[in-house]
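Following: one structure in structure tokens, then a few remarks.
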Amino acid sequence: MKAQGTFEVEEFTPADVRLPEPAAETAVPVGVATMRKRYEGEVAGVSGTLFTAAYDQSSGTGTYVAMESFEGALGERSGSFNFAHSATTLGEGREAEYEVGEASEVPLSVDS
């Protein structure tokens with residue numbers, strides 16, 4: 001099954017997370033946030049995401065790792081599932097993309 005859709009980030013809230021001591025000083029800061037997304041199209045529904053990233057805004061380089069909980073429909077099937085995704089950017093485009101999911105309530109699969 002392959003379903004296409006678009007999403008809009010409805011909410012992006014940075015989280016105040018304190019790293020354990022001793023905290024390592026790195027060249028690129030690490031941040032944590034929560035996100036709420038709304039999907040439309042053959043993929044329709046809402047999701048809540050835990051988002052962690054190390055990103056340098058001046059150069060546009062960084063990596064993110066996210067765990068997303070989706071509820072809605074993929075084509076004719078509806079239900080909820082969790083999926084993890086990550087990617088790296090070197091200023092243009094994305095590379096090293098990774099995605100994996102686990103369905104609940106109904107069997108769903110996602111093609112990337």
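Labels for the structure tokens follow display order: chains A, B, ..., residues from 1 in each chain, ligands from 1.
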Quiz item: So which residues touch stretch 47-49 of chain A within 7 Å, counting only C-alpha atoms, skipping near sequence neighbours fewer than 5 positions away, as an NGL selection string?
Solution: :A and (34-38 or 66-71)
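Distances from A:Phe7, A:Phe81, A:Tyr64, A:Tyr55 to A:Val43 were compared using only C-alpha atoms, and the smallest one belongs to A:Phe7.
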Self-check item: atom CA of A:Gly72 to atom CA of A:Val46, distance in Å rounded to a single decimal
Solution: 6.5 Å
Quiz item: Hey, which of A:Glu21, A:Gly75, A:Val32, A:Glu40 ends up closest to A:Val9? Count only C-alpha atoms.
Solution: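 The answer is A:Glu40, which sits nearest to A:Val9.
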